[in-house]
$ cat protein-v3.cif   # mmCIF, C-alpha atoms
data_entry
#
loop_
_atom_site.label_atom_id
_atom_site.label_comp_id
_atom_site.auth_asym_id
_atom_site.auth_seq_id
_atom_site.Cartn_x
_atom_site.Cartn_y
_atom_site.Cartn_z
CA ALA A 1 -13.85 -45.71 -38.68
CA TRP A 2 -15.96 -45.25 -35.55
CA ALA A 3 -14.93 -42.41 -33.30
CA ARG A 4 -16.09 -41.79 -29.77
CA PRO A 5 -18.37 -38.75 -29.77
CA THR A 6 -16.98 -35.80 -27.90
CA VAL A 7 -18.98 -33.71 -25.48
CA ALA A 8 -18.01 -30.10 -25.25
CA ALA A 9 -17.29 -28.86 -21.75
CA PRO A 10 -19.77 -26.29 -20.51
CA PRO A 11 -18.55 -22.71 -20.98
CA LEU A 12 -16.65 -21.36 -18.03
CA LYS A 13 -18.78 -18.85 -16.20
CA ILE A 14 -16.80 -16.44 -14.07
CA GLU A 15 -18.69 -14.07 -11.83
CA ARG A 16 -16.79 -10.97 -10.79
CA TRP A 17 -17.53 -8.15 -8.39
CA THR A 18 -15.67 -5.64 -6.28
CA MET A 19 -16.34 -5.30 -2.58
CA ALA A 20 -16.64 -1.95 -0.84
CA ASN A 21 -13.06 -2.20 0.44
CA GLY A 22 -11.71 -2.67 -3.09
CA LEU A 23 -11.19 -6.44 -3.00
CA VAL A 24 -11.96 -8.01 -6.38
CA VAL A 25 -13.75 -11.36 -6.12
CA LEU A 26 -13.83 -13.93 -8.94
CA LEU A 27 -16.13 -16.93 -8.51
CA VAL A 28 -16.54 -20.12 -10.53
CA GLU A 29 -19.32 -22.37 -9.24
CA ARG A 30 -18.62 -26.10 -9.39
CA HIS A 31 -21.16 -28.22 -7.51
CA THR A 32 -19.96 -31.69 -8.50
CA ILE A 33 -18.19 -32.20 -5.16
CA PRO A 34 -18.81 -30.41 -1.84
CA ALA A 35 -15.47 -28.65 -1.71
CA VAL A 36 -14.08 -25.17 -2.25
CA GLU A 37 -10.67 -23.80 -3.19
CA ALA A 38 -9.82 -20.15 -2.61
CA HIS A 39 -6.77 -18.17 -3.70
CA LEU A 40 -6.12 -14.78 -2.15
CA VAL A 41 -3.70 -13.14 -4.57
CA ILE A 42 -1.72 -10.07 -3.48
CA LYS A 43 -0.32 -8.04 -6.34
CA ALA A 44 3.19 -7.92 -4.90
CA GLY A 45 5.85 -10.59 -5.15
CA ALA A 46 9.62 -10.72 -5.31
CA ALA A 47 9.68 -7.98 -7.95
CA ALA A 48 8.47 -5.62 -5.21
CA ASP A 49 11.49 -6.32 -3.02
CA PRO A 50 13.37 -3.06 -2.39
CA GLU A 51 16.84 -2.78 -3.89
CA GLY A 52 19.25 -4.82 -1.84
CA ARG A 53 16.46 -6.56 0.10
CA ALA A 54 15.94 -9.63 -2.09
CA GLY A 55 13.84 -12.25 -0.33
CA LEU A 56 11.60 -9.86 1.61
CA ALA A 57 8.35 -10.80 -0.18
CA ALA A 58 9.09 -14.50 0.24
CA LEU A 59 9.94 -14.05 3.91
CA THR A 60 6.73 -12.10 4.50
CA ALA A 61 4.52 -14.70 2.81
CA GLY A 62 6.29 -17.55 4.56
CA LEU A 63 5.61 -16.00 7.97
CA LEU A 64 1.86 -15.45 7.51
CA LEU A 65 1.06 -18.88 8.95
CA LYS A 66 3.59 -18.67 11.78
CA GLY A 67 1.31 -17.00 14.30
CA THR A 68 -1.29 -14.28 14.77
CA GLY A 69 -2.53 -12.33 17.73
CA ALA A 70 -5.03 -15.11 18.42
CA ARG A 71 -3.29 -18.29 17.20
CA SER A 72 0.20 -19.75 17.31
CA ALA A 73 1.70 -21.45 14.27
CA VAL A 74 0.77 -24.82 15.79
CA GLU A 75 -2.80 -23.70 16.43
CA ILE A 76 -3.16 -22.49 12.84
CA ALA A 77 -1.96 -25.83 11.51
CA GLU A 78 -4.14 -27.80 13.93
CA ALA A 79 -7.26 -25.77 13.10
CA ILE A 80 -6.86 -26.51 9.39
CA ASP A 81 -5.83 -30.15 9.91
CA PHE A 82 -8.85 -30.73 12.18
CA ILE A 83 -11.25 -30.02 9.32
CA GLY A 84 -9.14 -31.87 6.75
CA GLY A 85 -8.32 -28.74 4.78
CA SER A 86 -5.10 -27.11 3.68
CA LEU A 87 -3.73 -23.58 3.87
CA THR A 88 -0.48 -22.47 2.28
CA ALA A 89 1.24 -19.16 1.59
CA ARG A 90 3.98 -18.33 -0.88
CA ALA A 91 5.49 -15.57 -2.97
CA ASP A 92 6.26 -15.74 -6.67
CA ASP A 93 7.88 -13.16 -8.93
CA ASP A 94 4.86 -10.89 -9.26
CA VAL A 95 2.32 -12.01 -6.66
CA SER A 96 2.01 -13.50 -3.20
CA THR A 97 -0.73 -16.07 -2.65
CA LEU A 98 -2.62 -17.71 0.18
CA THR A 99 -4.34 -20.90 -0.99
CA LEU A 100 -7.13 -22.56 0.97
CA THR A 101 -8.96 -25.82 0.34
CA ALA A 102 -11.82 -27.07 2.48
CA LEU A 103 -15.07 -28.96 2.37
CA LYS A 104 -18.10 -26.77 1.90
CA LYS A 105 -19.39 -27.48 5.41
CA ASP A 106 -16.08 -26.33 6.90
CA LEU A 107 -15.61 -23.26 4.74
CA PRO A 108 -16.64 -20.64 7.36
CA ALA A 109 -14.17 -22.04 9.91
CA ALA A 110 -11.42 -22.33 7.30
CA LEU A 111 -11.97 -18.78 6.04
CA ASP A 112 -11.77 -17.52 9.61
CA VAL A 113 -8.28 -19.01 9.98
CA MET A 114 -7.23 -17.72 6.55
CA ALA A 115 -8.45 -14.21 7.34
CA ASP A 116 -6.69 -14.22 10.71
CA ALA A 117 -3.39 -15.16 9.08
CA LEU A 118 -3.86 -12.64 6.28
CA ILE A 119 -4.99 -9.64 8.30
CA ARG A 120 -3.44 -10.13 11.73
CA PRO A 121 -0.07 -11.88 11.40
CA ALA A 122 2.09 -11.39 14.47
CA PHE A 123 5.43 -12.04 12.74
CA PRO A 124 7.00 -13.37 15.97
CA ALA A 125 10.67 -12.47 16.21
CA ALA A 126 11.63 -16.11 16.87
CA GLU A 127 9.80 -17.23 13.73
CA VAL A 128 11.47 -14.49 11.66
CA GLU A 129 14.86 -15.70 12.82
CA ARG A 130 13.97 -19.35 12.18
CA ALA A 131 12.69 -18.53 8.68
CA ARG A 132 15.86 -16.61 7.85
CA ARG A 133 18.03 -19.54 8.99
CA GLU A 134 16.01 -22.09 7.03
CA THR A 135 16.03 -19.96 3.88
CA LEU A 136 19.75 -19.36 4.14
CA SER A 137 20.35 -23.08 4.64
CA GLY A 138 18.32 -23.83 1.53
CA ILE A 139 20.23 -21.25 -0.52
CA ARG A 140 23.55 -22.77 0.53
CA ALA A 141 22.38 -26.33 -0.10
CA ALA A 142 21.24 -25.33 -3.61
CA LYS A 143 24.86 -24.60 -4.52
CA ASP A 144 25.27 -28.36 -4.96
CA ASP A 145 22.58 -28.39 -7.68
CA PRO A 146 24.12 -27.54 -11.08
CA GLU A 147 20.74 -26.58 -12.57
CA ASP A 148 20.04 -24.15 -9.75
CA VAL A 149 23.53 -22.64 -10.01
CA ALA A 150 23.13 -22.20 -13.77
CA GLN A 151 19.72 -20.57 -13.41
CA LYS A 152 20.98 -18.10 -10.82
CA ALA A 153 23.93 -17.20 -13.03
CA PHE A 154 21.74 -16.87 -16.13
CA ALA A 155 19.00 -14.62 -14.68
CA PRO A 156 21.17 -11.50 -14.16
CA LEU A 157 22.42 -11.79 -17.76
CA VAL A 158 18.84 -11.81 -19.05
CA PHE A 159 17.18 -9.31 -16.73
CA GLY A 160 20.02 -6.93 -15.96
CA PRO A 161 19.00 -4.45 -13.25
CA HIS A 162 15.37 -5.65 -13.11
CA PRO A 163 14.35 -7.40 -9.84
CA TYR A 164 13.75 -10.61 -11.83
CA ARG A 165 17.51 -11.05 -11.71
CA ASN A 166 17.22 -12.17 -8.07
CA PRO A 167 15.88 -15.53 -6.92
CA ILE A 168 12.51 -15.32 -5.17
CA GLU A 169 13.93 -16.67 -1.90
CA GLY A 170 16.61 -13.99 -1.85
CA LEU A 171 20.38 -14.02 -1.81
CA GLU A 172 22.92 -15.35 0.62
CA SER A 173 24.00 -11.75 1.17
CA THR A 174 20.52 -10.29 1.77
CA VAL A 175 18.48 -12.88 3.65
CA PRO A 176 20.45 -12.67 6.95
CA THR A 177 19.96 -8.88 7.03
CA LEU A 178 16.18 -8.83 6.54
CA THR A 179 14.41 -7.58 9.66
CA ARG A 180 11.05 -8.08 11.29
CA GLU A 181 10.38 -4.36 10.87
CA GLU A 182 10.83 -4.70 7.10
CA VAL A 183 8.46 -7.66 7.03
CA VAL A 184 5.83 -5.68 8.94
CA ALA A 185 6.25 -2.72 6.58
CA PHE A 186 6.00 -4.91 3.47
CA HIS A 187 2.79 -6.48 4.78
CA ARG A 188 1.33 -3.10 5.70
CA THR A 189 2.17 -1.66 2.28
CA TYR A 190 0.99 -4.43 -0.02
CA TYR A 191 -1.41 -6.73 1.85
CA ARG A 192 -4.41 -4.49 1.29
CA PRO A 193 -7.86 -5.37 -0.09
CA ASN A 194 -7.59 -2.92 -2.99
CA ASN A 195 -4.34 -4.62 -4.02
CA ALA A 196 -5.74 -8.14 -4.11
CA PHE A 197 -7.99 -10.67 -5.82
CA LEU A 198 -9.96 -13.44 -4.12
CA ILE A 199 -10.49 -16.30 -6.56
CA VAL A 200 -12.97 -18.95 -5.43
CA VAL A 201 -13.83 -22.20 -7.21
CA GLY A 202 -16.18 -24.87 -5.97
CA ASP A 203 -19.45 -25.70 -4.28
CA VAL A 204 -20.42 -22.21 -3.22
CA ALA A 205 -22.80 -19.54 -4.50
CA PRO A 206 -22.13 -15.80 -4.68
#
$ encode --input "protein-v3.cif" --output "structure tokens"
Amino acid sequence: AWARPTVAAPPLKIERWTMANGLVVLLVERHTIPAVEAHLVIKAGAAADPEGRAGLAALTAGLLLKGTGARSAVEIAEAIDFIGGSLTARADDDVSTLTLTALKKDLPAALDVMADALIRPAFPAAEVERARRETLSGIRAAKDDPEDVAQKAFAPLVFGPHPYRNPIEGLESTVPTLTREEVVAFHRTYYRPNNAFLIVVGDVAP
């Protein structure tokens, strides 16, 4: 029987170097389309939440795009939308990640916005309060989802005292008590170049 010949994909070439400030950069060149995706990965997620402060990593990541010293939340969104890119921030169990996509021609402008949000977040008090309310509302709404309820009951049985027992977004008892000062301290402690990776894929050279 005739079979379609297969063509092996080219081997994945990953270039890696460490910048003077300790930031590790991983680059995969892909020149098929003029676009770039970048992931700034901070080695601290929900597992780094202090005891009794579940949700702090998620709150911190969620507030990165809510204003800096130079841009409001609306201005951050408009700057990225104007060039047709995207910029998101989130926390997972073990890491927090900013993800950027942009066309090659717009990469310098997009990186400028990403860096501003990463390095100079203002953590406005009003945005902290709004984020707490929205997170708490989501936690309460999830009580109507049997799968979510089961998962949250199961995790403490599996992980015991380990931070994995807590949901990434935090608990109904902890989220309302998280403070702006704690967010600032979490960012200052973990959002450092020598605690991060920058992973870049796309139409860009080293």
$ residues_around --input "protein-v3.cif" --residues "stretch 61-75 of chain A" --least-positions-apart "5" --cutoff "6 Å" --atoms "all atoms listed in the file" --output "list in words"
Ala89, Arg90, Ala91, Ala117, Arg120, Pro121 and Ala122 of chain A
$ resolve_selection --input "protein-v3.cif" --expression "the PyMOL selection byres ((chain A and resi 12-29) around 10)" --output "list in words"
Ala9, Pro10, Pro11, Arg30, His31, Thr32, Val36, Ala38, His39, Leu40, Val41, Arg192, Pro193, Asn194, Asn195, Ala196, Phe197, Leu198, Ile199, Val200, Val201, Gly202, Asp203, Val204, Ala205 and Pro206 of chain A
$ residues_around --input "protein-v3.cif" --residues "A:Pro161" --least-positions-apart "6" --cutoff "12 Å" --atoms "all atoms listed in the file" --output "list in words"
Ala47, Glu51, Gly52 and Ala155 of chain A
$ closest_residue --input "protein-v3.cif" --among "A:Ala57, A:Ala77, A:Ala125, A:Leu136" --to "A:Val113" --atoms "all atoms listed in the file"
A:Ala77
$ resolve_selection --input "protein-v3.cif" --expression "the PyMOL selection byres ((chain A and resi 177) around 12)" --output "ChimeraX atom specification"
/A:52-56,59,128-129,132-133,136,170-176,178-183
$ build_atoms --input "protein-v3.cif" --residues "stretch 141-152 of chain A" --atoms "all heavy atoms" --output "PDB file, keeping the file's coordinate frame"
ATOM      1  N   ALA A 141      22.483 -24.944   0.373  1.00  0.00           N
ATOM      2  CA  ALA A 141      22.380 -26.330  -0.100  1.00  0.00           C
ATOM      3  C   ALA A 141      22.192 -26.377  -1.607  1.00  0.00           C
ATOM      4  O   ALA A 141      22.666 -27.303  -2.276  1.00  0.00           O
ATOM      5  CB  ALA A 141      21.215 -27.023   0.609  1.00  0.00           C
ATOM      6  N   ALA A 142      21.511 -25.360  -2.161  1.00  0.00           N
ATOM      7  CA  ALA A 142      21.240 -25.330  -3.610  1.00  0.00           C
ATOM      8  C   ALA A 142      22.508 -25.164  -4.434  1.00  0.00           C
ATOM      9  O   ALA A 142      22.500 -25.411  -5.645  1.00  0.00           O
ATOM     10  CB  ALA A 142      20.251 -24.220  -3.931  1.00  0.00           C
ATOM     11  N   LYS A 143      23.597 -24.755  -3.790  1.00  0.00           N
ATOM     12  CA  LYS A 143      24.860 -24.600  -4.520  1.00  0.00           C
ATOM     13  C   LYS A 143      25.384 -25.932  -5.031  1.00  0.00           C
ATOM     14  O   LYS A 143      26.256 -25.966  -5.907  1.00  0.00           O
ATOM     15  CB  LYS A 143      25.907 -23.937  -3.623  1.00  0.00           C
ATOM     16  CG  LYS A 143      25.617 -22.482  -3.301  1.00  0.00           C
ATOM     17  CD  LYS A 143      26.710 -21.894  -2.420  1.00  0.00           C
ATOM     18  CE  LYS A 143      26.461 -20.417  -2.127  1.00  0.00           C
ATOM     19  NZ  LYS A 143      27.530 -19.836  -1.286  1.00  0.00           N
ATOM     20  N   ASP A 144      24.859 -27.034  -4.499  1.00  0.00           N
ATOM     21  CA  ASP A 144      25.270 -28.360  -4.960  1.00  0.00           C
ATOM     22  C   ASP A 144      24.429 -28.827  -6.150  1.00  0.00           C
ATOM     23  O   ASP A 144      24.662 -29.924  -6.672  1.00  0.00           O
ATOM     24  CB  ASP A 144      25.139 -29.377  -3.825  1.00  0.00           C
ATOM     25  CG  ASP A 144      26.119 -29.098  -2.694  1.00  0.00           C
ATOM     26  OD1 ASP A 144      27.213 -28.580  -2.984  1.00  0.00           O
ATOM     27  OD2 ASP A 144      25.783 -29.394  -1.525  1.00  0.00           O
ATOM     28  N   ASP A 145      23.452 -28.035  -6.566  1.00  0.00           N
ATOM     29  CA  ASP A 145      22.580 -28.390  -7.680  1.00  0.00           C
ATOM     30  C   ASP A 145      23.006 -27.604  -8.917  1.00  0.00           C
ATOM     31  O   ASP A 145      22.797 -26.394  -8.995  1.00  0.00           O
ATOM     32  CB  ASP A 145      21.129 -28.059  -7.321  1.00  0.00           C
ATOM     33  CG  ASP A 145      20.156 -28.400  -8.440  1.00  0.00           C
ATOM     34  OD1 ASP A 145      20.596 -28.822  -9.522  1.00  0.00           O
ATOM     35  OD2 ASP A 145      18.934 -28.252  -8.207  1.00  0.00           O
ATOM     36  N   PRO A 146      23.625 -28.258  -9.903  1.00  0.00           N
ATOM     37  CA  PRO A 146      24.120 -27.540 -11.080  1.00  0.00           C
ATOM     38  C   PRO A 146      23.033 -26.742 -11.803  1.00  0.00           C
ATOM     39  O   PRO A 146      23.286 -25.630 -12.280  1.00  0.00           O
ATOM     40  CB  PRO A 146      24.666 -28.655 -11.972  1.00  0.00           C
ATOM     41  CG  PRO A 146      25.002 -29.758 -11.030  1.00  0.00           C
ATOM     42  CD  PRO A 146      23.960 -29.681  -9.940  1.00  0.00           C
ATOM     43  N   GLU A 147      21.823 -27.289 -11.893  1.00  0.00           N
ATOM     44  CA  GLU A 147      20.740 -26.580 -12.570  1.00  0.00           C
ATOM     45  C   GLU A 147      20.401 -25.285 -11.854  1.00  0.00           C
ATOM     46  O   GLU A 147      20.188 -24.243 -12.477  1.00  0.00           O
ATOM     47  CB  GLU A 147      19.505 -27.468 -12.665  1.00  0.00           C
ATOM     48  CG  GLU A 147      18.343 -26.814 -13.400  1.00  0.00           C
ATOM     49  CD  GLU A 147      17.133 -27.723 -13.495  1.00  0.00           C
ATOM     50  OE1 GLU A 147      17.231 -28.902 -13.114  1.00  0.00           O
ATOM     51  OE2 GLU A 147      16.079 -27.241 -13.967  1.00  0.00           O
ATOM     52  N   ASP A 148      20.354 -25.343 -10.530  1.00  0.00           N
ATOM     53  CA  ASP A 148      20.040 -24.150  -9.750  1.00  0.00           C
ATOM     54  C   ASP A 148      21.154 -23.111  -9.897  1.00  0.00           C
ATOM     55  O   ASP A 148      20.877 -21.916 -10.047  1.00  0.00           O
ATOM     56  CB  ASP A 148      19.871 -24.535  -8.274  1.00  0.00           C
ATOM     57  CG  ASP A 148      19.329 -23.393  -7.437  1.00  0.00           C
ATOM     58  OD1 ASP A 148      18.100 -23.228  -7.395  1.00  0.00           O
ATOM     59  OD2 ASP A 148      20.138 -22.652  -6.837  1.00  0.00           O
ATOM     60  N   VAL A 149      22.395 -23.557  -9.858  1.00  0.00           N
ATOM     61  CA  VAL A 149      23.530 -22.640 -10.010  1.00  0.00           C
ATOM     62  C   VAL A 149      23.484 -21.960 -11.384  1.00  0.00           C
ATOM     63  O   VAL A 149      23.680 -20.746 -11.508  1.00  0.00           O
ATOM     64  CB  VAL A 149      24.863 -23.387  -9.826  1.00  0.00           C
ATOM     65  CG1 VAL A 149      26.038 -22.479 -10.184  1.00  0.00           C
ATOM     66  CG2 VAL A 149      24.992 -23.891  -8.386  1.00  0.00           C
ATOM     67  N   ALA A 150      23.177 -22.750 -12.420  1.00  0.00           N
ATOM     68  CA  ALA A 150      23.130 -22.200 -13.770  1.00  0.00           C
ATOM     69  C   ALA A 150      22.001 -21.171 -13.898  1.00  0.00           C
ATOM     70  O   ALA A 150      22.175 -20.113 -14.511  1.00  0.00           O
ATOM     71  CB  ALA A 150      22.921 -23.329 -14.770  1.00  0.00           C
ATOM     72  N   GLN A 151      20.852 -21.495 -13.327  1.00  0.00           N
ATOM     73  CA  GLN A 151      19.720 -20.570 -13.410  1.00  0.00           C
ATOM     74  C   GLN A 151      20.032 -19.254 -12.720  1.00  0.00           C
ATOM     75  O   GLN A 151      19.711 -18.178 -13.232  1.00  0.00           O
ATOM     76  CB  GLN A 151      18.485 -21.218 -12.776  1.00  0.00           C
ATOM     77  CG  GLN A 151      17.239 -20.352 -12.850  1.00  0.00           C
ATOM     78  CD  GLN A 151      16.022 -21.047 -12.267  1.00  0.00           C
ATOM     79  OE1 GLN A 151      16.081 -22.209 -11.893  1.00  0.00           O
ATOM     80  NE2 GLN A 151      14.926 -20.329 -12.180  1.00  0.00           N
ATOM     81  N   LYS A 152      20.671 -19.316 -11.560  1.00  0.00           N
ATOM     82  CA  LYS A 152      20.980 -18.100 -10.820  1.00  0.00           C
ATOM     83  C   LYS A 152      22.081 -17.288 -11.502  1.00  0.00           C
ATOM     84  O   LYS A 152      22.157 -16.070 -11.307  1.00  0.00           O
ATOM     85  CB  LYS A 152      21.368 -18.457  -9.384  1.00  0.00           C
ATOM     86  CG  LYS A 152      20.171 -18.921  -8.555  1.00  0.00           C
ATOM     87  CD  LYS A 152      20.552 -19.348  -7.155  1.00  0.00           C
ATOM     88  CE  LYS A 152      19.312 -19.776  -6.374  1.00  0.00           C
ATOM     89  NZ  LYS A 152      19.649 -20.294  -5.020  1.00  0.00           N
TER      90      LYS A 152
END
